[in-house]
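Student: Take this structure first; my questions come after.
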Amino acid sequence: MTRDTKIANDTPPPAAMLSNKHLLGIQGMPIPEINALLERAHFFADRPKALFADVLANITVLNMFFENSTRTRVSFELAAKRLGASVLNISVNSSSVKKGETLIDTATTLNAMRPDILVARHHASGAPLLLSQHVDAAVINAGDGRHEHPTQALLDALTIKRSLGKIAGLKIAICGDIDNSRVARSNLYLLSALGADVRFVSPATLVSPYFSEMGVPVYTDMEQGISGCDIIMMLRLQTERMEGRETPSQHEYFHFFGLDTRKLQKAAPNAFIMHPGPMNRGVEIDSKIADDNSKSLIRTQVELGVATRMACLEAIAGASTRVRI
Amino acid sequence: MSKTLLKNGRIISPSDKLDMVGHILFENSVISSVEKDLPPEDKIDQVIDCSGCLIMPGAIDMRVQSADPGAEHLESLSELLAAAGNAGISQIVSLPATTPVIDSAVMIDSLRLRASSTHGALLHLYGAMTQSLNNQQMAELGMMAKAGAIGFANGVVSVQDSLLMRRIMIYSKMLDKPVIHHCSDAYLDKDTDMNESETATRLGLLGSPAIAETIMLERDLNLASITGCRYHAAHISTASSVEALRRAKKAGLSVTADTSPAYFLLNDKATADYNTAFKLNPPLRSEEDRLAIIDAIKDGTIDSITSDHHPIEMDKKMLPFGQATAGASGIETLLPLAFSLYHTNDIPLTRIVTALSTAPASILSLETPKLASGETANISIINLSSSSVIRGTNFLSQSQITPFEHYLVDSRVVGCFVHGISVML
């Protein structure tokens, strides 16, 4: 049996059912649940956006972003609104966190107001788990430090599946600042669980040797690393999580690890380029490639982010309702 | 076609497992035969009688500081390469502590281009480990490697930040280039003038303890162990460092080391009259250290012997000891001083030849020096029984300060060929 699910457009797939109350990471998530989320997201993506406006009526979603974000926050907000939920955005910069409140105190305070779902992004790895232990609401991890970004991996998987028709058997290179990337980790877990051949391409200073020990092929030569790959996923240099001296300079980084037309020739002939954004043009990717819509899936990723998060919110709302009863 | 015959020499070439009296014939830049029997001498353009002389693969000096760019008046690049060739050295590797610092591909390119049209020794270059040797930010090691840097060094600036050093090692390993490091703990070494010793105490000079070198070396060996980097400890001077190296090599680490004549021929008592020619970095050490260095050369714990050539302006030496700059000329005395180990310490010639040619070539992944048919004619010839007294004023280079002034040596360089061309003047 193939590990790829069939994407059926005829009969609507049911809302995904998750065994866990929270969505904190891809690691350990059962494959059928991943597939159920992808099928449901695929279904949402192709339907008029007004069709599901009462799915999450009476559900309150709190967006708590302890780290700056535009696309993920807006994506979650739109997803929740399209499902009819009430959405509140807490801007951490002007909240009590700035006044010195601890994460747990903030969580307890908000919990008292009985939200249903907390969508949390935090610069510290593990913060959403800590939150989940102190609130009644279900927690969705919208990116925690270097740990995981599960909804990004799901939307990436959906993007790949819709563009190439499958995930199993694809050669996928995740390139760049691996050590500091939660996207790399979540995608590694998810795409390999679905049968893709995932490899990392990175300067040796930005990829822990333990990834090799985990069995991930690691390449420090980009042309070798992306050779024959169907998907080239570029990552941003996470300067906010870098100490600043991992590589000599942006100039050298782009020379050896930036995706340009010359290096791209080594990939499979119809390879697609992905990037979780925001892009640093001229640092990890040449504008010419990023803007070439015949090769770049970058805009599709953003577009499918909303449908993916709709599927996640719906599933988590179901799970949290069940738990409460 | 030009044919040269080197006749009746003792030919020692470690990588060919060769030690015999014989004859080498080369045509243009390529060796055509290495034989015990004398080939017919007709049709040969030049015959050099090497009776009583050692014929070895061209010597390689893997630690030279060029004054050019920055202080060309002291010694220009072409003067350095000419002086090296004239001193029997066929290839040198220059350190990056020039002005500006060799920390970019452009600098590597320009120096290589300049050297390519110069008569004398061949030039190889280390790229700087950190930008402007600032010890803060890794230099563009990848771009320099692509431009031809054969390894990375930081002059006599020791990288104190262990995280930065770890990253440099990981990055160098990725590029498959060795890291050549001067080991010194900046705090223990701060403002010091010479080795910490009774002499220093009597002279009232601030002493640097031997462990200032060893502490940094031990750190580096630990980092080399977790990064797998090819690590080379430069100009090792102490017994405790030798012990550390011995342990690391026994543990199978990819670690090598060099030392320089000052550390196996002189000790810190030489500084007793404040003569600044003896002010070196690392400083001259104790007699126990000196003897340990000789043992380490003998058993191969120290792989190679380097000149540690470092031209210093006279103005910077004609100062009170504490204010004088450390360093001295070394390239023109390297071979005679290295071979004194054969005369006075019974170190086999093969071991010395290894330390001066095959060891540095292997450390730096240069072409293996060989004396065999078809190989490049890079050859040094040394008369092992020709006494002379070292005088700085006899140096070809303008950099004439040497701690070996008036020192008696028993060997003399009599020939040097680079790609088959004589570079003796």
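Identifiers in the structure tokens: chain A, B, ... in order shown; residue index from 1 per chain; ligand index from 1 in order shown.
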Considering only C-alpha atoms, tabulate each residue of chain B that lies at most 12 Å from chain A along with its nearest interatomic pair and the corresponding distance in Å to one decimal; arrange the rows by chain and ascending residue number and present them as JSON lines.
Tutor:
```
{"residue": "B:Asp103", "atom": "CA", "partner": "A:Pro248", "partner_atom": "CA", "distance": 10.6}
{"residue": "B:Ser104", "atom": "CA", "partner": "A:Glu252", "partner_atom": "CA", "distance": 10.4}
{"residue": "B:Ala105", "atom": "CA", "partner": "A:Glu252", "partner_atom": "CA", "distance": 10.5}
{"residue": "B:Ala128", "atom": "CA", "partner": "A:Pro248", "partner_atom": "CA", "distance": 11.5}
{"residue": "B:Met129", "atom": "CA", "partner": "A:Pro248", "partner_atom": "CA", "distance": 9.7}
{"residue": "B:Thr130", "atom": "CA", "partner": "A:Pro248", "partner_atom": "CA", "distance": 8.5}
{"residue": "B:Gln131", "atom": "CA", "partner": "A:Pro248", "partner_atom": "CA", "distance": 8.5}
{"residue": "B:Asn135", "atom": "CA", "partner": "A:Arg245", "partner_atom": "CA", "distance": 11.0}
{"residue": "B:Gln136", "atom": "CA", "partner": "A:Arg245", "partner_atom": "CA", "distance": 8.1}
{"residue": "B:Gln137", "atom": "CA", "partner": "A:Arg245", "partner_atom": "CA", "distance": 5.9}
{"residue": "B:Met138", "atom": "CA", "partner": "A:Pro248", "partner_atom": "CA", "distance": 4.8}
{"residue": "B:Ala139", "atom": "CA", "partner": "A:Pro248", "partner_atom": "CA", "distance": 5.2}
{"residue": "B:Glu140", "atom": "CA", "partner": "A:Pro248", "partner_atom": "CA", "distance": 5.0}
{"residue": "B:Leu141", "atom": "CA", "partner": "A:Pro248", "partner_atom": "CA", "distance": 7.1}
{"residue": "B:Gly142", "atom": "CA", "partner": "A:Glu252", "partner_atom": "CA", "distance": 6.9}
{"residue": "B:Met143", "atom": "CA", "partner": "A:Glu252", "partner_atom": "CA", "distance": 6.5}
{"residue": "B:Met144", "atom": "CA", "partner": "A:Glu252", "partner_atom": "CA", "distance": 9.9}
{"residue": "B:Ala145", "atom": "CA", "partner": "A:Glu252", "partner_atom": "CA", "distance": 11.4}
{"residue": "B:Lys146", "atom": "CA", "partner": "A:Phe256", "partner_atom": "CA", "distance": 10.6}
{"residue": "B:Asp161", "atom": "CA", "partner": "A:Arg245", "partner_atom": "CA", "distance": 11.4}
{"residue": "B:Leu163", "atom": "CA", "partner": "A:Arg245", "partner_atom": "CA", "distance": 9.2}
{"residue": "B:Leu164", "atom": "CA", "partner": "A:Arg245", "partner_atom": "CA", "distance": 7.2}
{"residue": "B:Met165", "atom": "CA", "partner": "A:Arg245", "partner_atom": "CA", "distance": 10.5}
{"residue": "B:Arg166", "atom": "CA", "partner": "A:Thr205", "partner_atom": "CA", "distance": 8.9}
{"residue": "B:Arg167", "atom": "CA", "partner": "A:Thr205", "partner_atom": "CA", "distance": 5.9}
{"residue": "B:Ile168", "atom": "CA", "partner": "A:Thr205", "partner_atom": "CA", "distance": 8.4}
{"residue": "B:Met169", "atom": "CA", "partner": "A:Thr205", "partner_atom": "CA", "distance": 9.1}
{"residue": "B:Ile170", "atom": "CA", "partner": "A:Thr205", "partner_atom": "CA", "distance": 6.0}
{"residue": "B:Tyr171", "atom": "CA", "partner": "A:Ala204", "partner_atom": "CA", "distance": 6.0}
{"residue": "B:Ser172", "atom": "CA", "partner": "A:Ala204", "partner_atom": "CA", "distance": 9.1}
{"residue": "B:Lys173", "atom": "CA", "partner": "A:Ala204", "partner_atom": "CA", "distance": 8.3}
{"residue": "B:Met174", "atom": "CA", "partner": "A:Ala204", "partner_atom": "CA", "distance": 6.1}
{"residue": "B:Leu175", "atom": "CA", "partner": "A:Thr220", "partner_atom": "CA", "distance": 9.0}
{"residue": "B:Asp176", "atom": "CA", "partner": "A:Thr220", "partner_atom": "CA", "distance": 11.3}
{"residue": "B:Ile226", "atom": "CA", "partner": "A:Pro209", "partner_atom": "CA", "distance": 10.0}
{"residue": "B:Thr227", "atom": "CA", "partner": "A:Pro209", "partner_atom": "CA", "distance": 9.3}
{"residue": "B:Gly228", "atom": "CA", "partner": "A:Pro209", "partner_atom": "CA", "distance": 11.2}
{"residue": "B:Cys229", "atom": "CA", "partner": "A:Ala204", "partner_atom": "CA", "distance": 11.6}
```
Student: Selected residues, C-alpha atoms, written as a CSV table (one decimal), in the first residue's frame, please.
Tutor:
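Full text of result.csv as output:
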```csv
chain,number,residue,atom,x,y,z
B,103,ASP,CA,41.9,37.3,4.2
B,104,SER,CA,40.3,37.4,0.8
B,105,ALA,CA,40.3,35.6,-2.5
B,128,ALA,CA,43.7,34.2,7.4
B,129,MET,CA,41.4,32.3,9.7
B,130,THR,CA,39.7,35.5,10.8
B,131,GLN,CA,38.9,38.7,8.9
B,135,ASN,CA,39.8,37.1,16.1
B,136,GLN,CA,36.1,38.0,15.8
B,137,GLN,CA,34.7,36.9,12.5
B,138,MET,CA,35.7,33.9,10.3
B,139,ALA,CA,37.3,35.1,7.0
B,140,GLU,CA,36.0,33.9,3.6
B,141,LEU,CA,37.7,30.6,3.9
B,142,GLY,CA,35.8,29.0,1.1
B,143,MET,CA,36.5,31.8,-1.4
B,144,MET,CA,40.2,31.7,-0.5
B,145,ALA,CA,40.4,27.9,-0.8
B,146,LYS,CA,38.8,28.3,-4.2
B,161,ASP,CA,37.3,32.2,21.4
B,163,LEU,CA,33.4,28.7,19.7
B,164,LEU,CA,34.9,30.6,16.9
B,165,MET,CA,37.8,28.1,16.7
B,166,ARG,CA,35.3,25.3,16.7
B,167,ARG,CA,33.4,26.9,13.8
B,168,ILE,CA,36.7,27.5,11.8
B,169,MET,CA,37.7,23.9,12.3
B,170,ILE,CA,34.3,22.6,11.2
B,171,TYR,CA,34.3,24.9,8.2
B,172,SER,CA,37.9,24.0,7.3
B,173,LYS,CA,37.1,20.3,7.5
B,174,MET,CA,34.2,20.9,5.1
B,175,LEU,CA,36.7,22.5,2.7
B,176,ASP,CA,39.3,19.7,3.4
B,226,ILE,CA,35.1,16.6,18.0
B,227,THR,CA,35.4,18.3,14.6
B,228,GLY,CA,37.6,15.9,12.8
B,229,CYS,CA,39.5,18.8,11.4
```
Student: Neighbouring residues of stretch 13-28 of chain B were defined as those with any atom within 9 Å, considering only C-alpha atoms; residues of the same chain fewer than 4 positions away were excluded. Please report them as a PyMOL selection string.
Tutor: chain B and resi 1-9+32-39+44+50-51+55-57+350-351+353-354+357-358+368-373+376-377+419-421
Student: With N, CA and C atoms retained, write the just-selected residues as a CSV table (one decimal), in the first residue's frame.
Tutor:
```
chain,number,residue,atom,x,y,z
B,1,MET,N,66.0,21.3,-25.3
B,1,MET,CA,66.1,20.4,-24.2
B,1,MET,C,67.4,20.7,-23.4
B,2,SER,N,67.2,20.7,-22.1
B,2,SER,CA,68.4,20.9,-21.3
B,2,SER,C,68.5,19.7,-20.3
B,3,LYS,N,69.7,19.1,-20.4
B,3,LYS,CA,69.9,17.9,-19.5
B,3,LYS,C,70.9,18.2,-18.4
B,4,THR,N,70.5,17.9,-17.2
B,4,THR,CA,71.4,18.1,-16.1
B,4,THR,C,71.7,16.8,-15.3
B,5,LEU,N,72.9,16.6,-15.0
B,5,LEU,CA,73.3,15.3,-14.3
B,5,LEU,C,73.8,15.7,-12.9
B,6,LEU,N,73.2,15.2,-11.8
B,6,LEU,CA,73.7,15.3,-10.5
B,6,LEU,C,74.5,14.0,-10.2
B,7,LYS,N,75.8,14.1,-10.0
B,7,LYS,CA,76.6,12.9,-10.0
B,7,LYS,C,77.1,12.6,-8.6
B,8,ASN,N,77.1,11.3,-8.3
B,8,ASN,CA,77.8,10.8,-7.1
B,8,ASN,C,77.3,11.4,-5.7
B,9,GLY,N,76.0,11.7,-5.6
B,9,GLY,CA,75.5,12.2,-4.4
B,9,GLY,C,74.9,11.1,-3.5
B,32,SER,N,64.6,12.2,-15.3
B,32,SER,CA,64.5,11.1,-16.3
B,32,SER,C,65.1,9.8,-15.7
B,33,SER,N,66.0,10.0,-14.8
B,33,SER,CA,66.5,8.7,-14.2
B,33,SER,C,67.2,9.0,-12.8
B,34,VAL,N,67.0,8.0,-12.0
B,34,VAL,CA,67.7,8.0,-10.7
B,34,VAL,C,68.4,6.6,-10.6
B,35,GLU,N,69.7,6.6,-10.7
B,35,GLU,CA,70.4,5.3,-10.9
B,35,GLU,C,71.7,5.3,-10.1
B,36,LYS,N,72.0,4.0,-9.8
B,36,LYS,CA,73.3,3.8,-9.1
B,36,LYS,C,74.5,3.9,-10.1
B,37,ASP,N,74.2,3.5,-11.3
B,37,ASP,CA,75.2,3.5,-12.4
B,37,ASP,C,75.2,4.8,-13.1
B,38,LEU,N,76.4,5.3,-13.4
B,38,LEU,CA,76.5,6.6,-14.0
B,38,LEU,C,76.0,6.5,-15.5
B,39,PRO,N,75.1,7.3,-15.9
B,39,PRO,CA,74.7,7.3,-17.3
B,39,PRO,C,75.8,8.0,-18.1
B,44,ILE,N,75.0,15.7,-22.3
B,44,ILE,CA,74.4,16.3,-21.1
B,44,ILE,C,75.0,17.7,-21.0
B,50,CYS,N,78.3,15.9,-7.0
B,50,CYS,CA,77.7,16.0,-5.7
B,50,CYS,C,78.4,15.1,-4.7
B,51,SER,N,79.7,14.7,-4.9
B,51,SER,CA,80.4,13.9,-4.0
B,51,SER,C,80.4,14.5,-2.6
B,55,ILE,N,71.6,14.7,-1.6
B,55,ILE,CA,70.6,15.1,-2.6
B,55,ILE,C,69.2,14.7,-2.1
B,56,MET,N,68.4,15.7,-1.9
B,56,MET,CA,67.0,15.4,-1.3
B,56,MET,C,65.9,16.1,-2.2
B,57,PRO,N,64.7,15.6,-2.0
B,57,PRO,CA,63.6,16.3,-2.7
B,57,PRO,C,63.6,17.8,-2.2
B,350,THR,N,67.4,10.6,7.0
B,350,THR,CA,66.1,10.4,6.4
B,350,THR,C,65.0,11.1,7.2
B,351,ARG,N,65.2,11.1,8.6
B,351,ARG,CA,64.2,11.7,9.4
B,351,ARG,C,64.2,13.3,9.1
B,353,VAL,N,65.3,14.8,6.4
B,353,VAL,CA,64.8,15.1,5.1
B,353,VAL,C,63.2,15.0,5.1
B,354,THR,N,62.7,14.0,5.8
B,354,THR,CA,61.2,13.9,5.9
B,354,THR,C,60.6,15.2,6.5
B,357,SER,N,60.6,17.9,3.9
B,357,SER,CA,60.0,17.8,2.6
B,357,SER,C,58.7,17.0,2.6
B,358,THR,N,58.8,15.7,2.8
B,358,THR,CA,57.6,14.9,2.6
B,358,THR,C,56.6,15.2,3.7
B,368,THR,N,53.4,15.0,-3.6
B,368,THR,CA,54.4,14.3,-2.8
B,368,THR,C,55.8,14.5,-3.4
B,369,PRO,N,56.8,15.0,-2.6
B,369,PRO,CA,58.1,15.1,-3.1
B,369,PRO,C,58.8,13.8,-3.4
B,370,LYS,N,59.2,13.6,-4.6
B,370,LYS,CA,59.8,12.3,-5.0
B,370,LYS,C,61.1,12.5,-5.8
B,371,LEU,N,62.0,11.6,-5.7
B,371,LEU,CA,63.1,11.6,-6.6
B,371,LEU,C,63.0,10.3,-7.4
B,372,ALA,N,62.3,10.3,-8.5
B,372,ALA,CA,62.2,9.1,-9.3
B,372,ALA,C,61.9,9.6,-10.7
B,373,SER,N,62.1,8.7,-11.7
B,373,SER,CA,61.8,9.0,-13.1
B,373,SER,C,60.4,9.5,-13.3
B,376,THR,N,58.7,15.7,-10.8
B,376,THR,CA,59.2,17.0,-11.0
B,376,THR,C,60.6,17.2,-10.4
B,377,ALA,N,61.4,17.9,-11.1
B,377,ALA,CA,62.8,18.1,-10.7
B,377,ALA,C,62.9,19.2,-9.7
B,419,HIS,N,61.5,23.0,-10.5
B,419,HIS,CA,61.1,22.6,-11.9
B,419,HIS,C,62.3,22.6,-12.8
B,420,GLY,N,63.4,22.0,-12.3
B,420,GLY,CA,64.6,21.8,-13.1
B,420,GLY,C,65.4,23.0,-13.3
B,421,ILE,N,65.0,24.2,-12.8
B,421,ILE,CA,65.8,25.4,-13.0
B,421,ILE,C,66.6,25.7,-11.7
```
Student: I want to know what sits within 6 Å of B:Ile382, based on only C-alpha atoms, with residues of the same chain fewer than 4 positions away left out; could you give that as a list of chain:residue names?
Tutor: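 Non-adjacent residues within range: B:Cys53, B:Leu54, B:Arg412, B:Val413, B:Val414.
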Student: Output as a VMD selection string all residues of stretch 213-252 of chain A that backbone DSSP marks as strand (DSSP E or B).
Tutor: chain A and resid 218 to 219 231 to 234
Student: Take the residues just selected and output them with C-alpha atoms as a PDB file, in the first residue's frame.
Tutor:
```pdb
ATOM      1  CA  VAL A 218      23.845  15.703   4.824  1.00  0.00           C
ATOM      2  CA  TYR A 219      25.653  17.445   1.969  1.00  0.00           C
ATOM      3  CA  ILE A 231      12.051  19.765  -4.695  1.00  0.00           C
ATOM      4  CA  ILE A 232      14.597  22.320  -3.525  1.00  0.00           C
ATOM      5  CA  MET A 233      13.420  23.849  -0.293  1.00  0.00           C
ATOM      6  CA  MET A 234      15.464  26.910   0.601  1.00  0.00           C
TER       7      MET A 234
END
```
Student: Do a neighbour search on A:Gly258 at 8 Å with only C-alpha atoms, toss out local chain neighbours closer than 2 positions, and write the hits as a PDB file with N, CA and C atoms, in the first residue's frame.
Tutor:
```
ATOM      1  N   TYR A 253      28.433  32.916   1.608  1.00  0.00           N
ATOM      2  CA  TYR A 253      27.283  32.031   1.768  1.00  0.00           C
ATOM      3  C   TYR A 253      26.534  31.909   0.441  1.00  0.00           C
ATOM      4  N   PHE A 254      26.286  33.029  -0.182  1.00  0.00           N
ATOM      5  CA  PHE A 254      25.549  32.970  -1.454  1.00  0.00           C
ATOM      6  C   PHE A 254      26.362  32.235  -2.513  1.00  0.00           C
ATOM      7  N   HIS A 255      27.658  32.464  -2.498  1.00  0.00           N
ATOM      8  CA  HIS A 255      28.510  31.816  -3.502  1.00  0.00           C
ATOM      9  C   HIS A 255      28.400  30.295  -3.423  1.00  0.00           C
ATOM     10  N   PHE A 256      28.431  29.755  -2.228  1.00  0.00           N
ATOM     11  CA  PHE A 256      28.446  28.298  -2.077  1.00  0.00           C
ATOM     12  C   PHE A 256      27.069  27.689  -1.814  1.00  0.00           C
ATOM     13  N   ASP A 260      21.119  29.615  -7.272  1.00  0.00           N
ATOM     14  CA  ASP A 260      21.128  30.426  -8.484  1.00  0.00           C
ATOM     15  C   ASP A 260      20.903  29.510  -9.694  1.00  0.00           C
ATOM     16  N   GLY A 282      19.211  37.272  -2.723  1.00  0.00           N
ATOM     17  CA  GLY A 282      20.648  37.502  -2.851  1.00  0.00           C
ATOM     18  C   GLY A 282      21.461  36.921  -1.706  1.00  0.00           C
ATOM     19  N   VAL A 283      20.786  36.376  -0.693  1.00  0.00           N
ATOM     20  CA  VAL A 283      21.525  35.696   0.380  1.00  0.00           C
ATOM     21  C   VAL A 283      21.393  34.192   0.216  1.00  0.00           C
ATOM     22  N   GLU A 284      20.127  33.703   0.199  1.00  0.00           N
ATOM     23  CA  GLU A 284      19.981  32.268  -0.026  1.00  0.00           C
ATOM     24  C   GLU A 284      19.349  31.966  -1.378  1.00  0.00           C
ATOM     25  N   ILE A 285      18.768  32.976  -2.015  1.00  0.00           N
ATOM     26  CA  ILE A 285      18.103  32.691  -3.288  1.00  0.00           C
ATOM     27  C   ILE A 285      18.206  33.884  -4.231  1.00  0.00           C
ATOM     28  N   ASP A 286      18.467  33.559  -5.479  1.00  0.00           N
ATOM     29  CA  ASP A 286      18.552  34.567  -6.532  1.00  0.00           C
ATOM     30  C   ASP A 286      17.130  34.977  -6.923  1.00  0.00           C
TER      31      ASP A 286
END
```
Student: Of the candidates B:Leu223, B:Phe417, B:Glu332, B:Gly327, which one gets nearest to B:Asn394 if we count only C-alpha atoms?
Tutor: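 Of B:Leu223, B:Phe417, B:Glu332, B:Gly327, the one nearest B:Asn394, counting only C-alpha atoms, is B:Glu332.
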Student: With only C-alpha atoms as the basis for distance, which of A:Ala193, A:Val306, A:Val55, A:Ala173 is at the shortest distance from A:Pro217?
Tutor: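 So, comparing all the options, the nearest one is A:Ala173.
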